[in-house]
Each structure stands twice: as C-alpha cells, then as structure tokens.
Amino acid sequence: MIPFSVLDLSPIPQGSTASDSFRNTLDLARHAEAWGYNRYWLAEHHNMPGIASAATAVVIGHVAGGTKTIRVGSGGIMLPNHAPLVIAEQFGTLESLYPGRIDLGLGRAPGTDQRTAHALRRNLASSGDSFPQDVLELQALLGPVQPGQVVRAVPGAGTNVPLWLLGSSLYSAQLAAMLGLPFAFASHFAPDMMMQAVEIYRTRFQPSEQLDRPHAMVGVNVVAAESDREARRLFTSAQQQFVNLRRGTPGKLAPPIDDIDDYATPMERAGIDQALACAVVGSPETVRRGLAAFIDRTGADELIIAGHIYDHTARLRSYEIAADVHRQLVTAPAEASAA
C-alpha cells in the first residue's frame with residue numbers, strides 16, 4: 001500500500017494567533033510521526049491572514065527539530081520568489097541539521113497576489129518563465145562542487161537534498177518527467193488536470209541520478225469524524241475559506257457552520273465543489289471507501305493529505321482516522337494474498 005503524507009499550511013483559526021498555529025503544527029507533526037505518516041510538508045503562501053507558513057524553511061526547521069524520524073519538507077517553496085542560492089543555503093542548512101529527513105518541493109507560482117509578489121521580489125523580472133533554469137541551478141548548488149566553481153552554497157553543496165516538482169497543470173509534470181524528479185500534483189485545490197498530468201509524467205519520465213522510476217504524489221482533502229454529518233460540518237471551514245478567497249476577502253479559518261448553502265451563493269457553491277472535488281469527507285468507513293476509490297482511480301504512488309479543520313483536537317482526530325484507514329488498506333491486500 002502506498003504511503004500517506006501530511007500537507008500543512010499552519011492554519012490560523014479565528015480567535016488564535018500564529019504562535020498558536022505553530023504549536024498546533026508541531027503537535028500534529030509529532031502525532032503524524034507516531035501514526036506512521038511518511039512526510040510532513042509545509043507550503044509557502046504570503047499575505048494570507050489564515051496561513052502562518054510564509055517563512056517555510058523556518059517552520060520546517062521547527063517541525064524537524066521537534067520530531068525524530070518523519071521526513072519534513074516544502075510543498076512547496078515558490079522558487080520565483082527566491083534566488084536559487086538562498087534556497088540552497090536554507091535547505092543545505094536544514095539537511096545539515098536533520099540529515100536524511102529533508103525534502104525540497106518546488107513550485108513556479110508566486111503563492112500570492114501580484115502586488116505581494118512585487119513586494120517580495122522588488123520587481124517581477126523573476127517569473128515562472130525562468131523556472132526550469134532556476135531548478136537546474138538549484139540542483140547544481142546542492143550537488144557536488146565542480147572544478148572551477150566560484151559560487152557555492154555553504155552549507156548546501158554536496159548535500160543533494162532531494163528535489164520535487166509541484167504543479168496544478170501540465171507544465172511541471174512535463175518538466176519533472178524530463179528531469180527525472182518526483183512529481184506532486186495539487187489536486188486538493190486544482191483537480192481538473194490531475195489524471196492528464198500524472199499520465200504525462202509517467203509516460204515521459206526519464207530516469208535520473210535521483211530517481212530511477214516515476215513517483216507521483218497527489219493531494220487529497222480529508223475531513224474525517226465519527227459520523228458523516230459531523231465531518232461535513234467540519235468541512236464547512238475549508239469551504240468558507242475558499243469562498244472568502246474568491247470574494248477577495250481572505251481571512252482566518254472560520255469555525256464550522258451547519259449548512260454551507262446558508263453562506264455561499266449557488267454559483268459560489270459550484271466553484272467550491274469544483275475546486276474541492278478531490279475531497280473525502282465522512283465517517284471512518286466513508287473515508288476508507290473514498291480513499292480506496294481515489295487510490296484506484298489515480299494509481300498514485302503516494303497521497304498527501306490536506307485537512308483544514310478549525311478545532312485542533314478535531315483536526316488531530318481526522319488525521320488519526322486517515323492513518324487508521326491506511327493501516328486497514330495495508331492489511332486488506334495482505335489478508336487477500338494469504339487467502
């Protein structure tokens with residue numbers, strides 16, 4: 001059975017602070033490690049009142065320092081916002097502190113709006129157009145020092161931190177295949193091209209020093225609770241967040257409500273349903289059936305699970321249920337083989 005991993009944006013619920021979010025992130029990471037999750041990834045977003053993981057490398061260090069075995073990484077670092085040397089130094093430092101546990105997932109979007117992107121970069125000369133060259137430069141900076149190399153990442157050079165490419169379209173799928181890198185698709189918020197992107201990645205994959213066969217990870221939203229009704233109620237926090245973002249009024253993660261249709265217009269509800277189509281919401285049995293079907297449909301090599309839930313205790317329980325489902329899915333094929 002394929003591994004399950006965690007995608008965390010360090011959400012800031014209404015009535016709480018970024019400090020609270022970082023405590024919750026570390027607590028979830030420690031539980032995820034105990035429950036057998038493979039990776040714990042954090043994502044770079046900027047100017048988002050409800051997301052605390054903007055300084056992604058710093059939060060990765062916080063999580064890696066508070067755990068022991070789980071891989072910790074970025075899902076992802078938005079490379080157009082940074083010089084490759086800066087990222088090589090940051091992740092070289094992380095790899096030096098926590099050897100063999102750091103992943104570097106890279107995206108080519110800004111992770112924010114255009115005004116904030118300008119504030120980050122001071123100009124927009126650095127864009128997604130240079131993404132392939134920046135990836136290669138970053139890969140070289142993390143690789144062995146070459147004869148005559150003048151600029152080195154210290155720390156960073158020779159650490160060979162594993163790179164991943166992230167995407168929500170076909171572009172990064174093609175690039176990941178060409179470079180022989182693992183690929184993660186953002187189907188948890190942009191599901192439309194998921195199957196096409198994974199197929200292109202697999203059929204065009206060229207082995208590399210890092211990876212000899214394709215490895216496709218896909219994102220899925222999971223909100224699990226003791227009953228379908230309670231899970232659907234918890235899910236309304238994520239639904240409200242998407243509505244607010246589309247309205248141009250992003251804010252902190254809202255508490256759940258009884259009926260999302262009381263909050264969203266029919267057009268907004270259609271947009272939510274489209275964006276969050278890759279979501280499994282319900283009781284343990286509903287989640288088991290839903291995740292099994294999702295794995296069968298995608299043929300994914302790994303799932304990365306997002307769960308935007310207002311109450312931290314309920315969020316922990318949701319990931320615990322998903323971990324229990326994973327154990328059931330692992331056991332079921334073994335039992336079938338034995339029979």
# chains A, B, ... in the order shown; residues from 1 in each chain; ligands from 1

call {"tool": "select_by_dssp", "arguments": {"residues": "stretch 244-309 of chain A", "states": "strand (DSSP E or B)", "output": "number ranges by chain"}}
result
A: 253, 279-282, 302-306

call {"tool": "residues_around", "arguments": {"residues": "A:Leu276", "least_positions_apart": "2", "cutoff": "8 Å", "atoms": "only C-alpha atoms", "output": "ChimeraX atom specification"}}
result
/A:188-191,221,272-274,278-279

call {"tool": "write_last_selection", "arguments": {"atoms": "N, CA, C and O atoms", "output": "mmCIF file, in the first residue's frame"}}
result
data_model
loop_
_atom_site.group_PDB
_atom_site.id
_atom_site.type_symbol
_atom_site.label_atom_id
_atom_site.label_comp_id
_atom_site.auth_asym_id
_atom_site.auth_seq_id
_atom_site.Cartn_x
_atom_site.Cartn_y
_atom_site.Cartn_z
ATOM 1 N N HIS A 188 -5.694 18.789 -4.521
ATOM 2 C CA HIS A 188 -6.520 19.155 -3.366
ATOM 3 C C HIS A 188 -7.184 20.518 -3.545
ATOM 4 O O HIS A 188 -8.137 20.828 -2.828
ATOM 5 N N PHE A 189 -6.695 21.337 -4.505
ATOM 6 C CA PHE A 189 -7.396 22.598 -4.787
ATOM 7 C C PHE A 189 -7.547 22.882 -6.280
ATOM 8 O O PHE A 189 -8.259 23.803 -6.660
ATOM 9 N N ALA A 190 -6.876 22.101 -7.141
ATOM 10 C CA ALA A 190 -6.957 22.315 -8.593
ATOM 11 C C ALA A 190 -7.000 20.953 -9.291
ATOM 12 O O ALA A 190 -6.009 20.518 -9.868
ATOM 13 N N PRO A 191 -8.141 20.262 -9.214
ATOM 14 C CA PRO A 191 -8.175 18.861 -9.637
ATOM 15 C C PRO A 191 -8.328 18.619 -11.133
ATOM 16 O O PRO A 191 -8.160 17.481 -11.580
ATOM 17 N N ASN A 221 -8.031 16.231 -0.041
ATOM 18 C CA ASN A 221 -8.563 16.757 1.214
ATOM 19 C C ASN A 221 -9.261 15.625 1.959
ATOM 20 O O ASN A 221 -10.061 14.892 1.368
ATOM 21 N N ILE A 272 -16.844 26.003 -5.272
ATOM 22 C CA ILE A 272 -16.267 25.216 -4.186
ATOM 23 C C ILE A 272 -16.219 23.742 -4.566
ATOM 24 O O ILE A 272 -15.201 23.064 -4.407
ATOM 25 N N ASP A 273 -17.349 23.242 -5.060
ATOM 26 C CA ASP A 273 -17.423 21.820 -5.386
ATOM 27 C C ASP A 273 -16.414 21.441 -6.463
ATOM 28 O O ASP A 273 -15.854 20.344 -6.445
ATOM 29 N N GLN A 274 -16.174 22.367 -7.396
ATOM 30 C CA GLN A 274 -15.188 22.089 -8.445
ATOM 31 C C GLN A 274 -13.772 22.099 -7.868
ATOM 32 O O GLN A 274 -12.971 21.186 -8.114
ATOM 33 N N CYS A 278 -11.556 16.791 -5.148
ATOM 34 C CA CYS A 278 -10.738 15.711 -4.581
ATOM 35 C C CYS A 278 -10.776 15.833 -3.063
ATOM 36 O O CYS A 278 -9.817 16.284 -2.416
ATOM 37 N N ALA A 279 -11.903 15.482 -2.505
ATOM 38 C CA ALA A 279 -12.100 15.555 -1.058
ATOM 39 C C ALA A 279 -12.853 14.310 -0.609
ATOM 40 O O ALA A 279 -13.800 13.879 -1.272
#

call {"tool": "closest_residue", "arguments": {"among": "A:Ile87, A:Met194, A:Ala293, A:Ile304", "to": "A:Leu7", "atoms": "only C-alpha atoms"}}
result
A:Ile304

call {"tool": "residues_around", "arguments": {"residues": "A:Val280", "least_positions_apart": "6", "cutoff": "7 Å", "atoms": "only C-alpha atoms", "output": "PyMOL selection string"}}
result
chain A and resi 221-223+287+290-291

call {"tool": "residues_around", "arguments": {"residues": "stretch 224-233 of chain A", "least_positions_apart": "3", "cutoff": "6 Å", "atoms": "only C-alpha atoms", "output": "NGL selection string"}}
result
:A and (236 or 256 or 258 or 281-283 or 318)

call {"tool": "select_by_dssp", "arguments": {"residues": "stretch 114-279 of chain A", "states": "alpha helix (DSSP H)", "output": "MDAnalysis selection string"}}
result
chainID A and resid 114:121 131:142 171:179 194:204 228:246 266:275

call {"tool": "residues_around", "arguments": {"residues": "stretch 75-78 of chain A", "least_positions_apart": "4", "cutoff": "7 Å", "atoms": "only C-alpha atoms", "output": "list in words"}}
result
Trp41, Leu42, Ala43, Glu44, Gly105, Leu106, Gly107, Arg108, Ala109, Pro110, Gly111 and Leu166 of chain A

call {"tool": "atom_distance", "arguments": {"atom1": "atom CA of A:Leu165", "atom2": "atom CA of A:Gly36"}}
result
23.9 Å

call {"tool": "residues_around", "arguments": {"residues": "stretch 68-71 of chain A", "least_positions_apart": "4", "cutoff": "9 Å", "atoms": "only C-alpha atoms", "output": "PDB file with N, CA and C atoms, in the first residue's frame"}}
result
ATOM      1  N   ALA A  29       2.481  17.268  13.800  1.00  0.00           N
ATOM      2  CA  ALA A  29       3.616  16.559  13.216  1.00  0.00           C
ATOM      3  C   ALA A  29       4.071  15.408  14.114  1.00  0.00           C
ATOM      4  N   ARG A  30       4.106  15.635  15.408  1.00  0.00           N
ATOM      5  CA  ARG A  30       4.511  14.565  16.330  1.00  0.00           C
ATOM      6  C   ARG A  30       3.512  13.411  16.305  1.00  0.00           C
ATOM      7  N   ALA A  32       1.536  12.744  13.717  1.00  0.00           N
ATOM      8  CA  ALA A  32       1.655  12.133  12.394  1.00  0.00           C
ATOM      9  C   ALA A  32       2.828  11.154  12.346  1.00  0.00           C
ATOM     10  N   GLU A  33       3.923  11.511  12.975  1.00  0.00           N
ATOM     11  CA  GLU A  33       5.083  10.624  13.049  1.00  0.00           C
ATOM     12  C   GLU A  33       4.711   9.327  13.772  1.00  0.00           C
ATOM     13  N   ALA A  34       4.015   9.447  14.896  1.00  0.00           N
ATOM     14  CA  ALA A  34       3.619   8.265  15.666  1.00  0.00           C
ATOM     15  C   ALA A  34       2.617   7.412  14.906  1.00  0.00           C
ATOM     16  N   GLY A  36       2.520   6.966  11.699  1.00  0.00           N
ATOM     17  CA  GLY A  36       3.106   6.311  10.538  1.00  0.00           C
ATOM     18  C   GLY A  36       3.064   7.078   9.237  1.00  0.00           C
ATOM     19  N   TYR A  37       2.781   8.370   9.280  1.00  0.00           N
ATOM     20  CA  TYR A  37       2.816   9.159   8.045  1.00  0.00           C
ATOM     21  C   TYR A  37       4.260   9.249   7.538  1.00  0.00           C
ATOM     22  N   ASN A  38       4.400   9.371   6.241  1.00  0.00           N
ATOM     23  CA  ASN A  38       5.712   9.324   5.598  1.00  0.00           C
ATOM     24  C   ASN A  38       6.419  10.679   5.608  1.00  0.00           C
ATOM     25  N   ARG A  39       5.702  11.730   5.244  1.00  0.00           N
ATOM     26  CA  ARG A  39       6.269  13.086   5.144  1.00  0.00           C
ATOM     27  C   ARG A  39       5.348  14.089   5.822  1.00  0.00           C
ATOM     28  N   TYR A  40       5.933  15.206   6.191  1.00  0.00           N
ATOM     29  CA  TYR A  40       5.169  16.332   6.720  1.00  0.00           C
ATOM     30  C   TYR A  40       5.648  17.572   5.982  1.00  0.00           C
ATOM     31  N   TRP A  41       4.798  18.072   5.087  1.00  0.00           N
ATOM     32  CA  TRP A  41       5.193  19.192   4.231  1.00  0.00           C
ATOM     33  C   TRP A  41       4.445  20.458   4.613  1.00  0.00           C
ATOM     34  N   ALA A  64      11.073  19.794  12.107  1.00  0.00           N
ATOM     35  CA  ALA A  64      12.119  18.769  12.098  1.00  0.00           C
ATOM     36  C   ALA A  64      12.817  18.669  13.448  1.00  0.00           C
ATOM     37  N   TYR A  98      19.366  18.106  10.066  1.00  0.00           N
ATOM     38  CA  TYR A  98      18.486  16.937  10.155  1.00  0.00           C
ATOM     39  C   TYR A  98      18.750  16.020   8.968  1.00  0.00           C
ATOM     40  N   GLY A 100      19.119  13.425   6.060  1.00  0.00           N
ATOM     41  CA  GLY A 100      18.283  12.354   5.545  1.00  0.00           C
ATOM     42  C   GLY A 100      16.809  12.511   5.777  1.00  0.00           C
ATOM     43  N   ARG A 101      16.366  13.709   6.220  1.00  0.00           N
ATOM     44  CA  ARG A 101      14.946  13.887   6.549  1.00  0.00           C
ATOM     45  C   ARG A 101      14.303  15.058   5.814  1.00  0.00           C
ATOM     46  N   ILE A 102      15.022  15.754   4.955  1.00  0.00           N
ATOM     47  CA  ILE A 102      14.527  16.996   4.367  1.00  0.00           C
ATOM     48  C   ILE A 102      14.168  16.790   2.889  1.00  0.00           C
ATOM     49  N   ASP A 103      12.985  17.276   2.497  1.00  0.00           N
ATOM     50  CA  ASP A 103      12.540  17.298   1.099  1.00  0.00           C
ATOM     51  C   ASP A 103      12.414  18.753   0.649  1.00  0.00           C
TER      52      ASP A 103
END

call {"tool": "residues_around", "arguments": {"residues": "A:His46", "least_positions_apart": "2", "cutoff": "12 Å", "atoms": "only C-alpha atoms", "output": "PyMOL selection string"}}
result
chain A and resi 9+43-44+48-56+77-78+81+109-120+250

call {"tool": "write_last_selection", "arguments": {"atoms": "C-alpha atoms", "output": "compact mmCIF listing (two decimals), in the first residue's frame"}}
result
# COMPACT_ATOMS: atom_id res chain seq x y z
CA LEU A 9 -0.33 25.32 5.91
CA ALA A 43 3.69 25.40 1.98
CA GLU A 44 4.78 28.94 1.14
CA MET A 48 -2.76 35.32 3.77
CA PRO A 49 -4.26 36.14 7.19
CA GLY A 50 -5.22 32.50 7.74
CA ILE A 51 -1.87 30.87 6.83
CA ALA A 52 1.20 31.05 9.07
CA SER A 53 3.78 29.15 6.97
CA ALA A 54 5.12 32.07 4.91
CA ALA A 55 8.70 31.62 6.21
CA THR A 56 8.53 27.99 5.14
CA ILE A 77 8.87 26.66 -1.95
CA MET A 78 7.77 29.11 -4.66
CA ASN A 81 10.24 34.43 -5.17
CA ALA A 109 3.62 30.18 -8.85
CA PRO A 110 4.11 33.20 -6.56
CA GLY A 111 1.94 31.81 -3.78
CA THR A 112 0.19 35.14 -3.50
CA ASP A 113 -1.26 38.08 -5.47
CA GLN A 114 0.72 40.26 -7.88
CA ARG A 115 1.15 43.22 -5.52
CA THR A 116 2.55 40.98 -2.81
CA ALA A 117 4.76 39.21 -5.35
CA HIS A 118 6.21 42.62 -6.24
CA ALA A 119 6.79 43.37 -2.56
CA LEU A 120 8.60 40.03 -2.18
CA PRO A 250 -9.26 36.11 2.73

call {"tool": "atom_distance", "arguments": {"atom1": "atom CA of A:Pro84", "atom2": "atom CA of A:Leu141"}}
result
8.0 Å

call {"tool": "closest_residue", "arguments": {"among": "A:Gly15, A:Gly66, A:Gly61, A:Pro132", "to": "A:Ser96", "atoms": "only C-alpha atoms"}}
result
A:Gly61

call {"tool": "closest_residue", "arguments": {"among": "A:Leu85, A:Ser208, A:Thr203, A:Val325", "to": "A:Asp134", "atoms": "only C-alpha atoms"}}
result
A:Leu85

call {"tool": "atom_distance", "arguments": {"atom1": "atom CA of A:Gly156", "atom2": "atom CA of A:Leu94"}}
result
8.9 Å

call {"tool": "closest_residue", "arguments": {"among": "A:Phe242, A:Tyr171, A:Trp35, A:Phe91", "to": "A:Ser5", "atoms": "only C-alpha atoms"}}
result
A:Trp35

call {"tool": "closest_residue", "arguments": {"among": "A:His45, A:His312, A:Arg288, A:Arg246", "to": "A:Leu329", "atoms": "only C-alpha atoms"}}
result
A:Arg288

call {"tool": "decode", "arguments": {"residues": "stretch 282-309 of chain A", "atoms": "N, CA, C and O atoms", "output": "PDB file, in the first residue's frame"}}
result
ATOM      1  N   GLY A 282     -16.172  12.353   5.775  1.00  0.00           N
ATOM      2  CA  GLY A 282     -17.149  11.460   6.375  1.00  0.00           C
ATOM      3  C   GLY A 282     -16.619  10.674   7.550  1.00  0.00           C
ATOM      4  O   GLY A 282     -15.569  10.969   8.134  1.00  0.00           O
ATOM      5  N   SER A 283     -17.359   9.632   7.877  1.00  0.00           N
ATOM      6  CA  SER A 283     -17.031   8.724   8.973  1.00  0.00           C
ATOM      7  C   SER A 283     -15.841   7.851   8.587  1.00  0.00           C
ATOM      8  O   SER A 283     -15.423   7.840   7.421  1.00  0.00           O
ATOM      9  N   PRO A 284     -15.272   7.101   9.536  1.00  0.00           N
ATOM     10  CA  PRO A 284     -14.159   6.219   9.181  1.00  0.00           C
ATOM     11  C   PRO A 284     -14.456   5.292   8.012  1.00  0.00           C
ATOM     12  O   PRO A 284     -13.598   5.109   7.133  1.00  0.00           O
ATOM     13  N   GLU A 285     -15.641   4.715   7.956  1.00  0.00           N
ATOM     14  CA  GLU A 285     -15.958   3.810   6.851  1.00  0.00           C
ATOM     15  C   GLU A 285     -16.102   4.571   5.534  1.00  0.00           C
ATOM     16  O   GLU A 285     -15.644   4.109   4.484  1.00  0.00           O
ATOM     17  N   THR A 286     -16.719   5.751   5.574  1.00  0.00           N
ATOM     18  CA  THR A 286     -16.831   6.578   4.372  1.00  0.00           C
ATOM     19  C   THR A 286     -15.448   6.965   3.854  1.00  0.00           C
ATOM     20  O   THR A 286     -15.180   6.920   2.649  1.00  0.00           O
ATOM     21  N   VAL A 287     -14.557   7.344   4.764  1.00  0.00           N
ATOM     22  CA  VAL A 287     -13.198   7.726   4.373  1.00  0.00           C
ATOM     23  C   VAL A 287     -12.442   6.522   3.822  1.00  0.00           C
ATOM     24  O   VAL A 287     -11.699   6.645   2.837  1.00  0.00           O
ATOM     25  N   ARG A 288     -12.620   5.358   4.428  1.00  0.00           N
ATOM     26  CA  ARG A 288     -11.941   4.162   3.919  1.00  0.00           C
ATOM     27  C   ARG A 288     -12.358   3.883   2.478  1.00  0.00           C
ATOM     28  O   ARG A 288     -11.515   3.660   1.601  1.00  0.00           O
ATOM     29  N   ARG A 289     -13.652   3.903   2.217  1.00  0.00           N
ATOM     30  CA  ARG A 289     -14.132   3.638   0.858  1.00  0.00           C
ATOM     31  C   ARG A 289     -13.682   4.740  -0.102  1.00  0.00           C
ATOM     32  O   ARG A 289     -13.287   4.459  -1.236  1.00  0.00           O
ATOM     33  N   GLY A 290     -13.735   5.963   0.360  1.00  0.00           N
ATOM     34  CA  GLY A 290     -13.376   7.080  -0.513  1.00  0.00           C
ATOM     35  C   GLY A 290     -11.906   7.090  -0.879  1.00  0.00           C
ATOM     36  O   GLY A 290     -11.544   7.316  -2.041  1.00  0.00           O
ATOM     37  N   LEU A 291     -11.032   6.844   0.079  1.00  0.00           N
ATOM     38  CA  LEU A 291      -9.600   6.845  -0.206  1.00  0.00           C
ATOM     39  C   LEU A 291      -9.209   5.638  -1.049  1.00  0.00           C
ATOM     40  O   LEU A 291      -8.347   5.744  -1.932  1.00  0.00           O
ATOM     41  N   ALA A 292      -9.815   4.487  -0.789  1.00  0.00           N
ATOM     42  CA  ALA A 292      -9.530   3.313  -1.617  1.00  0.00           C
ATOM     43  C   ALA A 292      -9.913   3.579  -3.074  1.00  0.00           C
ATOM     44  O   ALA A 292      -9.159   3.234  -3.999  1.00  0.00           O
ATOM     45  N   ALA A 293     -11.060   4.205  -3.279  1.00  0.00           N
ATOM     46  CA  ALA A 293     -11.500   4.518  -4.644  1.00  0.00           C
ATOM     47  C   ALA A 293     -10.585   5.557  -5.290  1.00  0.00           C
ATOM     48  O   ALA A 293     -10.268   5.459  -6.488  1.00  0.00           O
ATOM     49  N   PHE A 294     -10.148   6.541  -4.516  1.00  0.00           N
ATOM     50  CA  PHE A 294      -9.262   7.586  -5.046  1.00  0.00           C
ATOM     51  C   PHE A 294      -7.916   6.995  -5.466  1.00  0.00           C
ATOM     52  O   PHE A 294      -7.366   7.344  -6.511  1.00  0.00           O
ATOM     53  N   ILE A 295      -7.389   6.103  -4.656  1.00  0.00           N
ATOM     54  CA  ILE A 295      -6.122   5.451  -4.996  1.00  0.00           C
ATOM     55  C   ILE A 295      -6.278   4.603  -6.256  1.00  0.00           C
ATOM     56  O   ILE A 295      -5.418   4.627  -7.152  1.00  0.00           O
ATOM     57  N   ASP A 296      -7.380   3.868  -6.344  1.00  0.00           N
ATOM     58  CA  ASP A 296      -7.621   3.047  -7.538  1.00  0.00           C
ATOM     59  C   ASP A 296      -7.740   3.918  -8.787  1.00  0.00           C
ATOM     60  O   ASP A 296      -7.228   3.572  -9.855  1.00  0.00           O
ATOM     61  N   ARG A 297      -8.408   5.063  -8.638  1.00  0.00           N
ATOM     62  CA  ARG A 297      -8.644   5.933  -9.799  1.00  0.00           C
ATOM     63  C   ARG A 297      -7.362   6.598 -10.280  1.00  0.00           C
ATOM     64  O   ARG A 297      -7.112   6.706 -11.474  1.00  0.00           O
ATOM     65  N   THR A 298      -6.529   7.033  -9.349  1.00  0.00           N
ATOM     66  CA  THR A 298      -5.343   7.810  -9.726  1.00  0.00           C
ATOM     67  C   THR A 298      -4.115   6.938  -9.957  1.00  0.00           C
ATOM     68  O   THR A 298      -3.203   7.346 -10.685  1.00  0.00           O
ATOM     69  N   GLY A 299      -4.064   5.761  -9.330  1.00  0.00           N
ATOM     70  CA  GLY A 299      -2.843   4.962  -9.392  1.00  0.00           C
ATOM     71  C   GLY A 299      -1.659   5.668  -8.762  1.00  0.00           C
ATOM     72  O   GLY A 299      -0.507   5.423  -9.129  1.00  0.00           O
ATOM     73  N   ALA A 300      -1.922   6.546  -7.812  1.00  0.00           N
ATOM     74  CA  ALA A 300      -0.869   7.358  -7.197  1.00  0.00           C
ATOM     75  C   ALA A 300       0.153   6.489  -6.480  1.00  0.00           C
ATOM     76  O   ALA A 300      -0.163   5.413  -5.964  1.00  0.00           O
ATOM     77  N   ASP A 301       1.383   6.972  -6.436  1.00  0.00           N
ATOM     78  CA  ASP A 301       2.440   6.311  -5.678  1.00  0.00           C
ATOM     79  C   ASP A 301       2.455   6.766  -4.220  1.00  0.00           C
ATOM     80  O   ASP A 301       3.096   6.131  -3.376  1.00  0.00           O
ATOM     81  N   GLU A 302       1.765   7.869  -3.938  1.00  0.00           N
ATOM     82  CA  GLU A 302       1.715   8.420  -2.579  1.00  0.00           C
ATOM     83  C   GLU A 302       0.574   9.416  -2.525  1.00  0.00           C
ATOM     84  O   GLU A 302       0.278  10.096  -3.518  1.00  0.00           O
ATOM     85  N   LEU A 303      -0.085   9.496  -1.383  1.00  0.00           N
ATOM     86  CA  LEU A 303      -1.099  10.525  -1.147  1.00  0.00           C
ATOM     87  C   LEU A 303      -0.562  11.529  -0.143  1.00  0.00           C
ATOM     88  O   LEU A 303       0.076  11.158   0.841  1.00  0.00           O
ATOM     89  N   ILE A 304      -0.838  12.814  -0.403  1.00  0.00           N
ATOM     90  CA  ILE A 304      -0.547  13.833   0.598  1.00  0.00           C
ATOM     91  C   ILE A 304      -1.875  14.464   0.984  1.00  0.00           C
ATOM     92  O   ILE A 304      -2.636  14.927   0.130  1.00  0.00           O
ATOM     93  N   ILE A 305      -2.159  14.451   2.270  1.00  0.00           N
ATOM     94  CA  ILE A 305      -3.491  14.762   2.781  1.00  0.00           C
ATOM     95  C   ILE A 305      -3.516  16.148   3.397  1.00  0.00           C
ATOM     96  O   ILE A 305      -2.715  16.472   4.284  1.00  0.00           O
ATOM     97  N   ALA A 306      -4.438  16.963   2.908  1.00  0.00           N
ATOM     98  CA  ALA A 306      -4.699  18.284   3.482  1.00  0.00           C
ATOM     99  C   ALA A 306      -5.957  18.204   4.330  1.00  0.00           C
ATOM    100  O   ALA A 306      -6.919  17.515   3.962  1.00  0.00           O
ATOM    101  N   GLY A 307      -5.960  18.909   5.441  1.00  0.00           N
ATOM    102  CA  GLY A 307      -7.137  18.902   6.307  1.00  0.00           C
ATOM    103  C   GLY A 307      -7.287  20.218   7.042  1.00  0.00           C
ATOM    104  O   GLY A 307      -6.711  20.407   8.121  1.00  0.00           O
ATOM    105  N   HIS A 308      -8.042  21.147   6.455  1.00  0.00           N
ATOM    106  CA  HIS A 308      -8.246  22.463   7.062  1.00  0.00           C
ATOM    107  C   HIS A 308      -9.449  22.378   8.007  1.00  0.00           C
ATOM    108  O   HIS A 308     -10.603  22.467   7.570  1.00  0.00           O
ATOM    109  N   ILE A 309      -9.173  22.191   9.264  1.00  0.00           N
ATOM    110  CA  ILE A 309     -10.210  21.993  10.276  1.00  0.00           C
ATOM    111  C   ILE A 309      -9.992  23.005  11.390  1.00  0.00           C
ATOM    112  O   ILE A 309      -8.865  23.182  11.875  1.00  0.00           O
TER     113      ILE A 309
END
